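Next comes work.cif, a file with mmCIF, C-alpha atoms.
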```cif
data_work
#
loop_
_atom_site.label_atom_id
_atom_site.label_comp_id
_atom_site.auth_asym_id
_atom_site.auth_seq_id
_atom_site.Cartn_x
_atom_site.Cartn_y
_atom_site.Cartn_z
CA MET A 1 0.00 0.00 0.00
CA THR A 2 2.05 2.89 -1.30
CA GLY A 3 -0.63 5.37 -2.49
CA ARG A 4 -2.92 7.38 -0.22
CA LEU A 5 -4.85 4.96 1.98
CA MET A 6 -8.17 5.95 3.53
CA LEU A 7 -9.33 3.97 6.57
CA LEU A 8 -12.94 4.26 7.68
CA ASP A 9 -13.97 3.79 11.30
CA THR A 10 -17.15 2.35 9.86
CA ALA A 11 -19.28 2.07 13.00
CA SER A 12 -18.44 5.65 13.96
CA LEU A 13 -19.62 6.80 10.53
CA TYR A 14 -22.81 4.77 10.30
CA PHE A 15 -23.80 5.92 13.81
CA ARG A 16 -23.37 9.50 12.59
CA ALA A 17 -25.34 8.71 9.45
CA TYR A 18 -28.12 7.15 11.52
CA PHE A 19 -28.51 10.21 13.71
CA GLY A 20 -27.89 12.67 10.88
CA VAL A 21 -30.29 11.28 8.25
CA PRO A 22 -34.04 11.23 9.04
CA ASP A 23 -35.54 7.82 9.79
CA SER A 24 -38.19 8.65 7.21
CA VAL A 25 -35.63 7.38 4.67
CA LYS A 26 -36.99 3.86 4.25
CA ALA A 27 -36.90 0.78 2.05
CA PRO A 28 -39.98 -0.08 -0.05
CA ASP A 29 -41.28 -2.26 2.80
CA GLY A 30 -41.00 0.59 5.31
CA THR A 31 -37.76 -0.52 7.00
CA PRO A 32 -35.53 2.45 7.88
CA VAL A 33 -32.36 2.58 5.78
CA ASN A 34 -31.13 6.00 6.87
CA ALA A 35 -27.80 4.63 8.15
CA VAL A 36 -27.22 2.63 4.96
CA ARG A 37 -27.92 5.47 2.59
CA GLY A 38 -26.20 8.01 4.81
CA LEU A 39 -23.01 5.93 4.89
CA LEU A 40 -23.05 5.54 1.10
CA ASP A 41 -23.38 9.32 0.79
CA PHE A 42 -20.51 9.75 3.27
CA ILE A 43 -18.22 7.45 1.26
CA ASP A 44 -19.18 9.19 -1.98
CA ARG A 45 -18.26 12.58 -0.54
CA LEU A 46 -15.01 11.31 0.98
CA VAL A 47 -13.85 9.76 -2.29
CA LYS A 48 -14.83 12.88 -4.27
CA ASP A 49 -13.15 15.31 -1.89
CA HIS A 50 -10.00 13.39 -0.94
CA ARG A 51 -9.34 11.00 -3.86
CA PRO A 52 -7.75 8.12 -1.95
CA ASP A 53 -5.96 5.41 -3.93
CA GLN A 54 -7.13 2.71 -1.52
CA LEU A 55 -9.98 2.50 0.95
CA VAL A 56 -10.77 0.01 3.73
CA ALA A 57 -13.96 -0.05 5.77
CA CYS A 58 -12.70 -1.18 9.19
CA MET A 59 -15.24 -2.99 11.36
CA ASP A 60 -15.75 -3.83 15.04
CA ALA A 61 -15.61 -7.63 15.08
CA ASP A 62 -15.49 -7.23 18.87
CA TRP A 63 -16.45 -3.82 20.22
CA ARG A 64 -15.35 -4.69 23.79
CA PRO A 65 -12.50 -7.23 23.67
CA GLN A 66 -12.22 -9.42 26.74
CA TRP A 67 -8.48 -8.79 27.01
CA ARG A 68 -9.21 -5.10 27.54
CA VAL A 69 -11.98 -5.85 30.04
CA ASP A 70 -9.64 -8.18 31.96
CA LEU A 71 -7.29 -5.24 32.47
CA ILE A 72 -9.93 -2.58 33.22
CA PRO A 73 -13.33 -4.16 34.06
CA THR A 74 -15.19 -0.85 33.63
CA TYR A 75 -14.12 -0.63 29.99
CA LYS A 76 -17.29 0.23 28.02
CA ALA A 77 -19.33 -1.56 30.71
CA HIS A 78 -22.11 1.04 30.63
CA ARG A 79 -22.75 0.27 26.94
CA VAL A 80 -23.42 -3.46 27.41
CA ALA A 81 -26.98 -4.37 26.44
CA GLU A 82 -26.63 -8.10 27.05
CA GLU A 83 -23.86 -10.25 28.51
CA ARG A 84 -23.13 -13.40 26.51
CA GLU A 85 -21.35 -16.58 27.57
CA ALA A 86 -19.96 -17.17 24.07
CA GLY A 87 -18.71 -14.35 21.89
CA PRO A 88 -18.72 -10.60 22.48
CA ASP A 89 -21.35 -8.99 24.72
CA ALA A 90 -24.15 -7.24 22.83
CA GLU A 91 -23.69 -3.48 22.52
CA GLU A 92 -26.52 -1.07 23.19
CA VAL A 93 -27.59 -0.01 19.68
CA PRO A 94 -30.81 1.75 18.60
CA ASP A 95 -33.47 -0.78 17.59
CA THR A 96 -33.74 0.53 14.04
CA LEU A 97 -29.97 0.73 13.50
CA ALA A 98 -29.00 -2.85 14.37
CA PRO A 99 -30.85 -4.42 11.37
CA GLN A 100 -29.12 -1.98 9.02
CA VAL A 101 -25.59 -3.14 9.86
CA PRO A 102 -25.79 -6.45 7.91
CA VAL A 103 -27.23 -4.52 4.96
CA ILE A 104 -24.27 -2.12 5.08
CA GLU A 105 -21.89 -5.08 5.09
CA ASP A 106 -23.63 -6.77 2.15
CA VAL A 107 -23.68 -3.57 0.10
CA LEU A 108 -19.99 -2.81 0.70
CA ASP A 109 -19.10 -6.38 -0.26
CA ALA A 110 -21.15 -6.25 -3.46
CA ILE A 111 -19.60 -2.92 -4.44
CA GLY A 112 -16.13 -4.34 -3.81
CA ILE A 113 -15.00 -1.97 -1.07
CA ALA A 114 -12.57 -3.81 1.20
CA ARG A 115 -14.16 -4.53 4.58
CA VAL A 116 -12.06 -5.84 7.46
CA GLY A 117 -12.96 -6.91 10.97
CA VAL A 118 -10.85 -9.28 13.05
CA ALA A 119 -12.09 -11.43 15.93
CA ARG A 120 -11.06 -10.16 19.40
CA TYR A 121 -10.24 -6.70 18.06
CA GLU A 122 -11.96 -3.37 17.63
CA ALA A 123 -11.99 -1.35 14.43
CA ASP A 124 -9.48 1.00 16.09
CA ASP A 125 -7.00 -1.88 16.29
CA VAL A 126 -7.56 -2.79 12.64
CA ILE A 127 -6.96 0.86 11.74
CA GLY A 128 -3.83 0.97 13.91
CA THR A 129 -2.38 -2.10 12.19
CA PHE A 130 -3.13 -0.91 8.65
CA THR A 131 -1.56 2.43 9.59
CA ALA A 132 1.55 0.75 10.99
CA ARG A 133 1.99 -1.24 7.79
CA ALA A 134 1.28 1.57 5.33
CA ALA A 135 4.16 2.74 3.16
CA GLY A 136 2.36 5.90 2.03
CA PRO A 137 0.15 8.58 3.58
CA VAL A 138 -2.98 7.61 5.51
CA ASP A 139 -6.28 9.41 6.09
CA ILE A 140 -8.26 8.00 9.03
CA VAL A 141 -11.92 9.00 8.98
CA THR A 142 -13.47 8.77 12.43
CA GLY A 143 -15.62 10.58 14.95
CA ASP A 144 -13.57 8.96 17.74
CA ARG A 145 -10.80 11.16 19.16
CA ASP A 146 -8.99 8.06 20.48
CA LEU A 147 -7.45 7.68 17.03
CA TYR A 148 -5.67 11.02 17.33
CA GLN A 149 -2.88 8.93 18.85
CA LEU A 150 -2.02 7.73 15.33
CA VAL A 151 -1.42 11.22 13.89
CA ASP A 152 2.14 11.46 12.57
CA ASP A 153 3.20 14.31 10.30
CA ALA A 154 6.47 12.62 9.33
CA ARG A 155 4.53 9.69 7.85
CA GLY A 156 1.64 11.73 6.45
CA ILE A 157 -0.91 10.20 8.84
CA ARG A 158 -3.82 12.46 9.74
CA VAL A 159 -7.32 12.08 11.12
CA LEU A 160 -10.31 13.47 9.23
CA TYR A 161 -12.74 14.23 12.05
CA PRO A 162 -16.33 14.97 10.98
CA LEU A 163 -17.69 18.19 12.42
CA LYS A 164 -20.87 18.15 10.35
CA GLY A 165 -21.59 15.13 8.21
CA VAL A 166 -18.43 14.53 6.21
CA GLY A 167 -18.71 17.72 4.22
CA THR A 168 -17.05 19.63 7.06
CA LEU A 169 -14.01 17.76 8.35
CA GLN A 170 -11.34 18.80 10.80
CA LEU A 171 -8.05 17.80 9.15
CA THR A 172 -6.22 16.80 12.30
CA ASP A 173 -2.44 16.91 12.13
CA GLU A 174 0.17 17.49 14.83
CA ALA A 175 -0.28 21.28 14.71
CA VAL A 176 -3.99 20.90 15.52
CA LEU A 177 -3.24 18.49 18.37
CA ARG A 178 -0.63 20.78 19.89
CA GLU A 179 -2.98 23.76 19.66
CA LYS A 180 -5.96 21.94 21.18
CA TYR A 181 -4.33 19.52 23.60
CA GLY A 182 -0.66 20.50 23.96
CA VAL A 183 0.57 17.10 22.74
CA ASP A 184 1.45 15.39 19.48
CA GLY A 185 -0.05 12.13 18.23
CA ARG A 186 2.29 9.96 20.28
CA GLY A 187 1.40 11.92 23.41
CA TYR A 188 -2.36 11.83 22.89
CA ALA A 189 -2.77 8.29 24.26
CA ASP A 190 -0.90 9.27 27.43
CA LEU A 191 -3.11 12.35 27.78
CA ALA A 192 -6.29 10.29 27.34
CA LEU A 193 -5.07 7.71 29.84
CA LEU A 194 -4.36 10.32 32.52
CA ARG A 195 -7.56 12.37 32.11
CA GLY A 196 -9.81 9.33 31.62
CA ASP A 197 -12.77 8.94 29.30
CA PRO A 198 -16.26 8.34 30.77
CA SER A 199 -17.63 7.36 27.33
CA ASP A 200 -15.26 4.36 27.34
CA GLY A 201 -15.42 3.66 31.08
CA LEU A 202 -11.80 4.69 31.65
CA PRO A 203 -11.43 6.22 35.14
CA GLY A 204 -8.22 8.17 34.53
CA VAL A 205 -6.16 9.50 37.43
CA ALA A 206 -8.35 11.21 40.03
CA GLY A 207 -7.84 14.95 40.19
CA ILE A 208 -5.91 15.15 36.91
CA GLY A 209 -7.92 16.67 34.10
CA GLU A 210 -6.94 17.41 30.54
CA LYS A 211 -5.03 20.64 31.19
CA THR A 212 -3.05 19.23 34.10
CA ALA A 213 -2.28 16.08 32.13
CA ALA A 214 -0.99 18.17 29.21
CA LYS A 215 1.22 20.24 31.54
CA LEU A 216 2.67 17.15 33.19
CA LEU A 217 3.44 15.53 29.84
CA ALA A 218 5.04 18.76 28.60
CA GLU A 219 7.17 18.84 31.74
CA PHE A 220 8.25 15.20 31.81
CA GLY A 221 7.94 14.12 28.16
CA ASP A 222 5.80 11.00 28.38
CA LEU A 223 3.90 8.75 30.78
CA ASP A 224 6.88 6.54 31.63
CA ALA A 225 9.03 9.53 32.56
CA LEU A 226 6.19 11.04 34.59
CA MET A 227 5.72 7.88 36.63
CA ALA A 228 9.48 7.52 37.10
CA ALA A 229 9.51 11.05 38.53
CA LEU A 230 7.42 9.84 41.47
CA ASP A 231 10.57 8.20 42.81
CA ASP A 232 12.58 11.40 42.47
CA PRO A 233 11.98 13.80 45.39
CA ARG A 234 13.43 16.65 43.28
CA ALA A 235 10.87 16.25 40.48
CA LYS A 236 8.53 19.19 39.97
CA LEU A 237 5.33 17.60 41.25
CA THR A 238 2.98 19.07 43.83
CA PRO A 239 2.24 16.95 46.92
CA SER A 240 -1.30 16.43 45.61
CA GLN A 241 -0.08 15.28 42.19
CA ARG A 242 2.39 12.88 43.80
CA LYS A 243 -0.33 11.40 45.96
CA ARG A 244 -2.81 11.04 43.10
CA LEU A 245 -0.31 9.48 40.73
CA ASP A 246 1.05 7.16 43.40
CA GLU A 247 -2.45 5.92 44.23
CA ALA A 248 -3.09 5.38 40.51
CA ARG A 249 -0.05 3.15 39.93
CA PRO A 250 -2.12 -0.06 39.49
CA TYR A 251 -4.34 1.68 36.90
CA VAL A 252 -1.39 3.28 35.06
CA ALA A 253 0.37 -0.10 34.91
CA VAL A 254 -2.40 -1.69 32.82
CA ALA A 255 -4.11 1.23 31.10
CA PRO A 256 -1.61 1.74 28.25
CA LYS A 257 -2.51 -1.63 26.71
CA VAL A 258 -6.20 -0.70 26.90
CA VAL A 259 -5.89 2.87 25.60
CA ARG A 260 -3.30 2.38 22.88
CA VAL A 261 -4.57 0.81 19.69
CA ALA A 262 -2.99 -2.46 18.65
CA ALA A 263 -0.52 -2.45 15.76
CA ASP A 264 -0.16 -6.22 15.41
CA VAL A 265 -3.64 -7.45 14.46
CA PRO A 266 -3.53 -10.52 12.18
CA LEU A 267 -5.10 -8.85 9.15
CA PRO A 268 -6.51 -10.95 6.33
CA ASP A 269 -5.22 -10.48 2.80
CA VAL A 270 -7.45 -7.92 1.10
CA ASP A 271 -7.23 -5.71 -1.97
CA PRO A 272 -7.73 -2.15 -0.71
CA ALA A 273 -7.84 -0.62 -4.20
CA LEU A 274 -10.98 1.40 -4.89
CA PRO A 275 -13.20 -0.53 -7.30
CA HIS A 276 -14.15 1.17 -10.56
CA ALA A 277 -17.07 -1.22 -11.11
CA PRO A 278 -19.13 -3.37 -8.70
CA ARG A 279 -17.59 -6.68 -7.69
CA ASP A 280 -20.99 -8.42 -7.83
CA PRO A 281 -23.36 -6.35 -10.01
CA GLN A 282 -26.26 -8.81 -9.73
CA ALA A 283 -26.13 -8.97 -5.93
CA LEU A 284 -25.84 -5.18 -5.79
CA GLU A 285 -28.86 -4.77 -8.04
CA ARG A 286 -30.90 -7.05 -5.79
CA LEU A 287 -29.79 -5.14 -2.69
CA ALA A 288 -30.55 -1.78 -4.32
CA GLU A 289 -34.07 -2.90 -5.19
CA ARG A 290 -34.74 -4.66 -1.88
CA TRP A 291 -33.58 -1.75 0.25
CA GLY A 292 -34.40 1.19 -2.00
CA LEU A 293 -30.84 2.53 -2.12
CA GLY A 294 -31.67 4.81 -5.03
CA GLY A 295 -29.58 7.90 -5.63
CA SER A 296 -27.16 7.25 -2.75
CA LEU A 297 -25.83 4.09 -4.39
CA GLN A 298 -25.88 5.51 -7.92
CA ARG A 299 -23.91 8.59 -6.91
CA LEU A 300 -21.23 6.45 -5.26
CA LEU A 301 -20.98 4.11 -8.26
CA THR A 302 -20.64 7.09 -10.59
CA THR A 303 -17.86 8.54 -8.43
CA LEU A 304 -16.02 5.21 -8.29
CA ALA A 305 -16.26 4.78 -12.08
CA ARG A 306 -14.28 7.99 -12.74
#
```

Encoded form using structure tokens:
Amino acid sequence: MTGRLMLLDTASLYFRAYFGVPDSVKAPDGTPVNAVRGLLDFIDRLVKDHRPDQLVACMDADWRPQWRVDLIPTYKAHRVAEEREAGPDAEEVPDTLAPQVPVIEDVLDAIGIARVGVARYEADDVIGTFTARAAGPVDIVTGDRDLYQLVDDARGIRVLYPLKGVGTLQLTDEAVLREKYGVDGRGYADLALLRGDPSDGLPGVAGIGEKTAAKLLAEFGDLDALMAALDDPRAKLTPSQRKRLDEARPYVAVAPKVVRVAADVPLPDVDPALPHAPRDPQALERLAERWGLGGSLQRLLTTLAR
């Protein structure tokens, strides 16, 4: 993969499509398809505006991997809809969105857009591994700030963060991260770990918010150096900071593996090249008719054919 690679955090985008497109957008039988059509419109706009050479729709084969839960039991616990003995727990998803996900998968497959999910890993980990392996520049499209940790100007890796649909994107590079958070991509994971993230069930270090975390990382360089400073009485830490960080040692010892995306996922062999024509035209025609994909699908196919 030597051209510009675009990686989609697919669940993040179809959630945005679901809430951004009215549920009055329905299939002929009355089933809502707002997430399906919205995602197709998103992909069309992304390809038109950014002209990637390759594109991969990265999926959550496991949205809450057990190995992360074993390290931090609260990880995404508040989003569990049903605990399951075998396989991943069921995630809390709107009733009219869940049935649209298999349709999205079938449509992407019929078009020929590479779609990758790997058992025991989240889409973030798939994205992290594709990014680690990429020889050329990478655009990561996500509404999840966790992936800011992958931003790397030297390698041409940036995050396209949707502010409104995908027509208005924040092109997130290291300058944006330094301005907003006081860290670069490598430092963002340490910042997130220290401040915590209620949306993911990460407690963080009590009493250390985003600004304090940024100051500490600026002072000491990274998380390892900060924690090493606890054993140095000359280090510039307030008594309160020392106490808080010392109490958080068990959390800090395991949190990096939870917060940092994996870069060693066993990816399947896929062809990430953008298709110029549908891989399975007959299946796509059936899906288009069954689900009333209309102009959304046709616009994307026209864009891909160019």

What are the nearest atom pairs, with distances in Å to one decimal, for all residues of range 99-218 of chain A that come at most 12 Å from range 246-264 of chain A, using all atoms listed in the file, set out by chain and rising residue number as CSV?
```
residue,atom,partner,partner_atom,distance
A:Val118,CA,A:Asp264,CA,11.4
A:Arg120,CA,A:Ala262,CA,11.2
A:Tyr121,CA,A:Ala262,CA,8.4
A:Glu122,CA,A:Val261,CA,8.7
A:Ala123,CA,A:Val261,CA,9.3
A:Asp124,CA,A:Val261,CA,6.1
A:Asp125,CA,A:Ala262,CA,4.7
A:Val126,CA,A:Ala262,CA,7.6
A:Ile127,CA,A:Ala263,CA,8.3
A:Gly128,CA,A:Ala263,CA,5.1
A:Thr129,CA,A:Ala263,CA,4.0
A:Phe130,CA,A:Ala263,CA,7.7
A:Thr131,CA,A:Ala263,CA,7.9
A:Ala132,CA,A:Ala263,CA,6.1
A:Arg133,CA,A:Ala263,CA,8.4
A:Ala134,CA,A:Ala263,CA,11.3
A:Arg145,CA,A:Val259,CA,11.6
A:Asp146,CA,A:Val259,CA,7.9
A:Leu147,CA,A:Val261,CA,7.9
A:Tyr148,CA,A:Val261,CA,10.5
A:Gln149,CA,A:Arg260,CA,7.7
A:Leu150,CA,A:Val261,CA,8.6
A:Gly185,CA,A:Arg260,CA,11.3
A:Arg186,CA,A:Arg260,CA,9.8
A:Gly187,CA,A:Arg260,CA,10.6
A:Tyr188,CA,A:Arg260,CA,9.5
A:Ala189,CA,A:Arg260,CA,6.1
A:Asp190,CA,A:Pro256,CA,7.6
A:Leu191,CA,A:Val259,CA,10.1
A:Ala192,CA,A:Val259,CA,7.6
A:Leu193,CA,A:Val259,CA,6.5
A:Leu194,CA,A:Val252,CA,8.1
A:Arg195,CA,A:Val252,CA,11.4
A:Gly196,CA,A:Val259,CA,9.7
A:Asp197,CA,A:Val259,CA,9.9
A:Asp200,CA,A:Val259,CA,9.6
A:Gly201,CA,A:Val259,CA,11.0
A:Leu202,CA,A:Ala255,CA,8.5
A:Pro203,CA,A:Tyr251,CA,8.6
A:Gly204,CA,A:Tyr251,CA,7.9
A:Val205,CA,A:Ala248,CA,6.0
A:Ala206,CA,A:Ala248,CA,7.9
A:Gly207,CA,A:Ala248,CA,10.7
A:Ile208,CA,A:Ala248,CA,10.8
```

What lies within 10 Å of Pro268 in chain A using only C-alpha atoms, ignoring chain neighbours under 3 positions off, as a ChimeraX atom specification?
/A:116-118,265,271

Top pick for closest residue to Ile113 in chain A, considering A:Gly209, A:Gly295, A:Pro94, A:Pro272 and counting only C-alpha atoms
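Among the listed residues, A:Pro272 lies closest to Ile113 in chain A.
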
What separation in Å, quoted to one decimal, exists between CA of Leu55 in chain A and CA of Glu285 in chain A?
22.1 Å

Determine the residue set returned by the PyMOL selection byres ((chain A and resi 14) around 9) for the present structure, and present it as a PyMOL selection string.
chain A and resi 9-13+15-19+35-36+38-39+42+97+101+104

Give me, please, the distance in Å between CA of Met59 in chain A and CA of Leu108 in chain A, quoted to one decimal.
11.7 Å

Between A:Ala277, A:Ala119, A:Ala213, A:Leu46, which is the closest to Leu169 in chain A once you count all atoms listed in the file?
A:Leu46

Just give me the gap between CA of Arg158 in chain A and CA of Val47 in chain A in Å, one decimal is fine.
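The value is 15.9 Å.
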
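Note on the selection: in this file the PyMOL selection byres ((chain A and resi 52) around 10) comes out as Gly3, Arg4, Leu5, Met6, Leu7, Leu46, Val47, Lys48, Asp49, His50, Arg51, Asp53, Gln54, Leu55, Pro137, Val138, Asp139, Ala273 and Leu274 of chain A.
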
Chain and number of each residue from the PyMOL selection byres ((chain A and resi 181) around 10), as a VMD selection string:
chain A and resid 175 to 180 182 to 184 187 to 188 191 210 to 211 213 to 215

Centre, x/y/z edge lengths, axis-aligned box for range 16-31 of chain A with 5 Å per side, as JSON:
```
{"center_x": -32.3, "center_y": 5.2, "center_z": 6.8, "size_x": 27.9, "size_y": 24.9, "size_z": 23.8}
```

In terms of all atoms listed in the file, the residue from A:Gly136, A:Gly165, A:Pro22, A:Pro239 at minimal distance from Asp153 in chain A is A:Gly136

Mind dumping range 74-98 of chain A from that block, keeping N, CA and C atoms, as a PDB file, in the first residue's frame?
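Listed below is the output, result.pdb:
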```
ATOM      1  N   THR A  74     -14.178  -1.860  33.956  1.00  0.00           N
ATOM      2  CA  THR A  74     -15.195  -0.852  33.625  1.00  0.00           C
ATOM      3  C   THR A  74     -15.182  -0.473  32.148  1.00  0.00           C
ATOM      4  N   TYR A  75     -14.246  -1.024  31.396  1.00  0.00           N
ATOM      5  CA  TYR A  75     -14.117  -0.628  29.991  1.00  0.00           C
ATOM      6  C   TYR A  75     -15.428  -0.857  29.233  1.00  0.00           C
ATOM      7  N   LYS A  76     -16.041   0.227  28.800  1.00  0.00           N
ATOM      8  CA  LYS A  76     -17.291   0.231  28.018  1.00  0.00           C
ATOM      9  C   LYS A  76     -18.434  -0.534  28.701  1.00  0.00           C
ATOM     10  N   ALA A  77     -18.325  -0.746  30.006  1.00  0.00           N
ATOM     11  CA  ALA A  77     -19.327  -1.559  30.706  1.00  0.00           C
ATOM     12  C   ALA A  77     -20.724  -0.947  30.622  1.00  0.00           C
ATOM     13  N   HIS A  78     -20.804   0.383  30.629  1.00  0.00           N
ATOM     14  CA  HIS A  78     -22.111   1.044  30.628  1.00  0.00           C
ATOM     15  C   HIS A  78     -22.824   0.921  29.286  1.00  0.00           C
ATOM     16  N   ARG A  79     -22.131   0.407  28.258  1.00  0.00           N
ATOM     17  CA  ARG A  79     -22.753   0.265  26.940  1.00  0.00           C
ATOM     18  C   ARG A  79     -23.165  -1.173  26.631  1.00  0.00           C
ATOM     19  N   VAL A  80     -23.039  -2.052  27.624  1.00  0.00           N
ATOM     20  CA  VAL A  80     -23.416  -3.455  27.407  1.00  0.00           C
ATOM     21  C   VAL A  80     -24.935  -3.593  27.506  1.00  0.00           C
ATOM     22  N   ALA A  81     -25.536  -4.122  26.440  1.00  0.00           N
ATOM     23  CA  ALA A  81     -26.980  -4.366  26.440  1.00  0.00           C
ATOM     24  C   ALA A  81     -27.293  -5.770  26.925  1.00  0.00           C
ATOM     25  N   GLU A  82     -26.395  -6.709  26.651  1.00  0.00           N
ATOM     26  CA  GLU A  82     -26.625  -8.103  27.045  1.00  0.00           C
ATOM     27  C   GLU A  82     -25.286  -8.814  27.180  1.00  0.00           C
ATOM     28  N   GLU A  83     -25.073  -9.462  28.324  1.00  0.00           N
ATOM     29  CA  GLU A  83     -23.860 -10.252  28.511  1.00  0.00           C
ATOM     30  C   GLU A  83     -24.058 -11.626  27.899  1.00  0.00           C
ATOM     31  N   ARG A  84     -23.034 -12.107  27.188  1.00  0.00           N
ATOM     32  CA  ARG A  84     -23.126 -13.398  26.507  1.00  0.00           C
ATOM     33  C   ARG A  84     -21.999 -14.308  26.966  1.00  0.00           C
ATOM     34  N   GLU A  85     -22.348 -15.591  27.149  1.00  0.00           N
ATOM     35  CA  GLU A  85     -21.350 -16.575  27.565  1.00  0.00           C
ATOM     36  C   GLU A  85     -20.327 -16.804  26.458  1.00  0.00           C
ATOM     37  N   ALA A  86     -20.827 -16.918  25.222  1.00  0.00           N
ATOM     38  CA  ALA A  86     -19.957 -17.166  24.072  1.00  0.00           C
ATOM     39  C   ALA A  86     -19.974 -15.951  23.156  1.00  0.00           C
ATOM     40  N   GLY A  87     -18.803 -15.495  22.779  1.00  0.00           N
ATOM     41  CA  GLY A  87     -18.715 -14.351  21.887  1.00  0.00           C
ATOM     42  C   GLY A  87     -18.834 -13.033  22.616  1.00  0.00           C
ATOM     43  N   PRO A  88     -18.680 -11.931  21.866  1.00  0.00           N
ATOM     44  CA  PRO A  88     -18.719 -10.595  22.480  1.00  0.00           C
ATOM     45  C   PRO A  88     -20.087 -10.279  23.079  1.00  0.00           C
ATOM     46  N   ASP A  89     -20.100  -9.488  24.166  1.00  0.00           N
ATOM     47  CA  ASP A  89     -21.350  -8.993  24.718  1.00  0.00           C
ATOM     48  C   ASP A  89     -22.053  -8.135  23.666  1.00  0.00           C
ATOM     49  N   ALA A  90     -23.386  -8.062  23.758  1.00  0.00           N
ATOM     50  CA  ALA A  90     -24.152  -7.239  22.825  1.00  0.00           C
ATOM     51  C   ALA A  90     -24.053  -5.779  23.241  1.00  0.00           C
ATOM     52  N   GLU A  91     -23.789  -4.919  22.268  1.00  0.00           N
ATOM     53  CA  GLU A  91     -23.690  -3.483  22.525  1.00  0.00           C
ATOM     54  C   GLU A  91     -25.072  -2.843  22.426  1.00  0.00           C
ATOM     55  N   GLU A  92     -25.273  -1.818  23.231  1.00  0.00           N
ATOM     56  CA  GLU A  92     -26.524  -1.075  23.193  1.00  0.00           C
ATOM     57  C   GLU A  92     -26.564  -0.254  21.892  1.00  0.00           C
ATOM     58  N   VAL A  93     -27.460  -0.646  20.996  1.00  0.00           N
ATOM     59  CA  VAL A  93     -27.586  -0.009  19.681  1.00  0.00           C
ATOM     60  C   VAL A  93     -29.059   0.292  19.448  1.00  0.00           C
ATOM     61  N   PRO A  94     -29.396   1.449  18.878  1.00  0.00           N
ATOM     62  CA  PRO A  94     -30.807   1.749  18.605  1.00  0.00           C
ATOM     63  C   PRO A  94     -31.493   0.626  17.819  1.00  0.00           C
ATOM     64  N   ASP A  95     -32.746   0.355  18.177  1.00  0.00           N
ATOM     65  CA  ASP A  95     -33.474  -0.779  17.590  1.00  0.00           C
ATOM     66  C   ASP A  95     -33.512  -0.742  16.070  1.00  0.00           C
ATOM     67  N   THR A  96     -33.616   0.452  15.487  1.00  0.00           N
ATOM     68  CA  THR A  96     -33.742   0.528  14.035  1.00  0.00           C
ATOM     69  C   THR A  96     -32.391   0.648  13.327  1.00  0.00           C
ATOM     70  N   LEU A  97     -31.301   0.724  14.116  1.00  0.00           N
ATOM     71  CA  LEU A  97     -29.970   0.732  13.504  1.00  0.00           C
ATOM     72  C   LEU A  97     -29.418  -0.677  13.360  1.00  0.00           C
ATOM     73  N   ALA A  98     -29.598  -1.511  14.381  1.00  0.00           N
ATOM     74  CA  ALA A  98     -28.997  -2.853  14.373  1.00  0.00           C
ATOM     75  C   ALA A  98     -29.309  -3.638  13.095  1.00  0.00           C
TER      76      ALA A  98
END
```
